[in-house]
Every structure is written in structure tokens, then in C-alpha cells.
Amino acid sequence: MQVSKDPLHGKKLVDILEELVEYYNGFEELGNQINIRCFTHDPSINSSLKFLRKTPWARDKVESLYLYVLRQKAKQQKSEE
């Protein structure tokens with residue numbers, strides 16, 4: 001059986017978004033990282049998901065930021081060991 005090395009493999013968009021919101025302590029800081037309206041004007045998980053599912057360029061930005069956050073978390077864990 002082949003196991004994917006892609007960290008996005010099997011990850012639901014809702015899970016990625018929730019992790020980012022938690023990592024950045026809310027939508028305000030997430031909106032500073034990715035300046036898109038669904039994060040800066042009356043944001044919610046559901047409204048953001050609707051927008052991201054219809055807008056490939058925005059979803060790409062969210063996925064790229066998520067990969068960056070995963071790398072940051074891995075670096076942090078290594079420095080704590």
C-alpha cells in the first residue's frame with residue numbers, strides 16, 4: 001500500500017481552516033497573514049469555507065500557509081527536544 005507523503009493528503013479544508021484560526025488566535029491575525037475578505041469582514045468558518053471552495057487561488061494561499069505553519073511547528077518541536 002502506497003502512503004502519501006503530501007501533508008495535505010486526506011486533510012479536509014475545514015480541519016485546515018480550524019487549525020489556522022487556532023494557530024493565529026482568531027480570524028483577525030489570519031486575515032493579516034492572508035488578506036482576503038472572508039477573513040477580514042465578518043468572518044466565520046462556514047462563510048470562509050464557502051468562499052475557499054469556490055475560489056482556487058484563495059484556497060491555494062490557505063494551503064500554502066498551512067504547510068508553512070506545519071514547518072514552523074516541526075521546527076519548534078525540534079528546538080524543544
# chains A, B, ... in the order shown; residues from 1 in each chain; ligands from 1
>>> select_by_dssp(residues="chain A", states="helix (DSSP H, G or I)", output="number ranges by chain")
A: 13-23, 27-33, 37-40, 45-54, 56-80
>>> residues_around(residues="A:Leu67", least_positions_apart="2", cutoff="12 Å", atoms="only C-alpha atoms", output="count of residues only")
21
>>> atom_distance(atom1="atom CA of A:Asp15", atom2="atom CA of A:Glu81")
27.1 Å
>>> closest_residue(among="A:Glu28, A:Thr55, A:Leu13, A:Gln76", to="A:Pro43", atoms="only C-alpha atoms")
A:Glu28
>>> atom_distance(atom1="atom CA of A:Ile36", atom2="atom CA of A:Pro56")
12.7 Å
>>> atom_distance(atom1="atom CA of A:Ala58", atom2="atom CA of A:Gly10")
19.2 Å
>>> residues_around(residues="A:Ile45", least_positions_apart="3", cutoff="10 Å", atoms="only C-alpha atoms", output="PyMOL selection string")
chain A and resi 14+17-18+21+27+38-39+48-50
>>> write_last_selection(atoms="all heavy atoms", output="compact mmCIF listing (two decimals), in the first residue's frame")
# COMPACT_ATOMS: atom_id res chain seq x y z
N VAL A 14 -11.98 22.09 6.10
CA VAL A 14 -12.48 22.60 7.38
C VAL A 14 -11.45 22.40 8.49
O VAL A 14 -11.24 23.28 9.34
CB VAL A 14 -13.86 21.99 7.75
CG1 VAL A 14 -13.76 20.50 8.00
CG2 VAL A 14 -14.46 22.69 8.97
N LEU A 17 -8.59 24.94 8.01
CA LEU A 17 -9.03 26.28 8.40
C LEU A 17 -9.12 26.41 9.92
O LEU A 17 -8.64 27.39 10.49
CB LEU A 17 -10.37 26.59 7.74
CG LEU A 17 -10.88 28.00 7.87
CD1 LEU A 17 -9.87 29.01 7.36
CD2 LEU A 17 -12.20 28.16 7.14
N GLU A 18 -9.69 25.42 10.57
CA GLU A 18 -9.80 25.47 12.04
C GLU A 18 -8.43 25.49 12.70
O GLU A 18 -8.22 26.23 13.68
CB GLU A 18 -10.63 24.29 12.55
CG GLU A 18 -12.11 24.46 12.26
CD GLU A 18 -12.95 23.24 12.61
OE1 GLU A 18 -12.38 22.14 12.84
OE2 GLU A 18 -14.18 23.38 12.61
N VAL A 21 -6.97 29.04 12.22
CA VAL A 21 -7.64 30.01 13.10
C VAL A 21 -7.12 29.85 14.53
O VAL A 21 -6.84 30.83 15.22
CB VAL A 21 -9.18 29.86 13.03
CG1 VAL A 21 -9.87 30.67 14.12
CG2 VAL A 21 -9.70 30.27 11.66
N PHE A 27 -9.50 34.96 13.59
CA PHE A 27 -9.51 35.40 12.19
C PHE A 27 -8.75 36.70 11.97
O PHE A 27 -8.26 36.94 10.86
CB PHE A 27 -10.96 35.58 11.72
CG PHE A 27 -11.61 34.30 11.28
CD1 PHE A 27 -12.53 33.66 12.09
CD2 PHE A 27 -11.32 33.75 10.05
CE1 PHE A 27 -13.13 32.48 11.69
CE2 PHE A 27 -11.92 32.57 9.63
CZ PHE A 27 -12.83 31.95 10.45
N CYS A 38 -13.00 37.16 3.21
CA CYS A 38 -13.70 36.18 4.06
C CYS A 38 -13.03 36.05 5.42
O CYS A 38 -13.64 35.53 6.36
CB CYS A 38 -13.83 34.83 3.37
SG CYS A 38 -12.30 33.92 3.16
N PHE A 39 -11.79 36.55 5.58
CA PHE A 39 -11.11 36.52 6.87
C PHE A 39 -11.15 37.88 7.58
O PHE A 39 -10.90 37.95 8.77
CB PHE A 39 -9.64 36.12 6.72
CG PHE A 39 -9.42 34.72 6.21
CD1 PHE A 39 -8.23 34.39 5.60
CD2 PHE A 39 -10.38 33.73 6.36
CE1 PHE A 39 -8.00 33.10 5.14
CE2 PHE A 39 -10.16 32.44 5.89
CZ PHE A 39 -8.96 32.14 5.28
N SER A 48 -16.19 31.28 5.29
CA SER A 48 -14.86 31.13 4.70
C SER A 48 -14.77 29.87 3.85
O SER A 48 -14.20 29.88 2.76
CB SER A 48 -13.79 31.11 5.79
OG SER A 48 -13.77 32.33 6.48
N LEU A 49 -15.35 28.77 4.35
CA LEU A 49 -15.33 27.52 3.59
C LEU A 49 -16.05 27.68 2.26
O LEU A 49 -15.57 27.21 1.22
CB LEU A 49 -15.99 26.39 4.39
CG LEU A 49 -15.16 25.82 5.53
CD1 LEU A 49 -15.99 24.85 6.35
CD2 LEU A 49 -13.92 25.14 5.01
N LYS A 50 -17.19 28.34 2.26
CA LYS A 50 -17.94 28.55 1.00
C LYS A 50 -17.07 29.30 0.00
O LYS A 50 -17.00 28.93 -1.17
CB LYS A 50 -19.23 29.33 1.27
CG LYS A 50 -20.31 28.51 1.91
CD LYS A 50 -21.56 29.34 2.16
CE LYS A 50 -22.52 28.58 3.04
NZ LYS A 50 -23.61 29.41 3.53
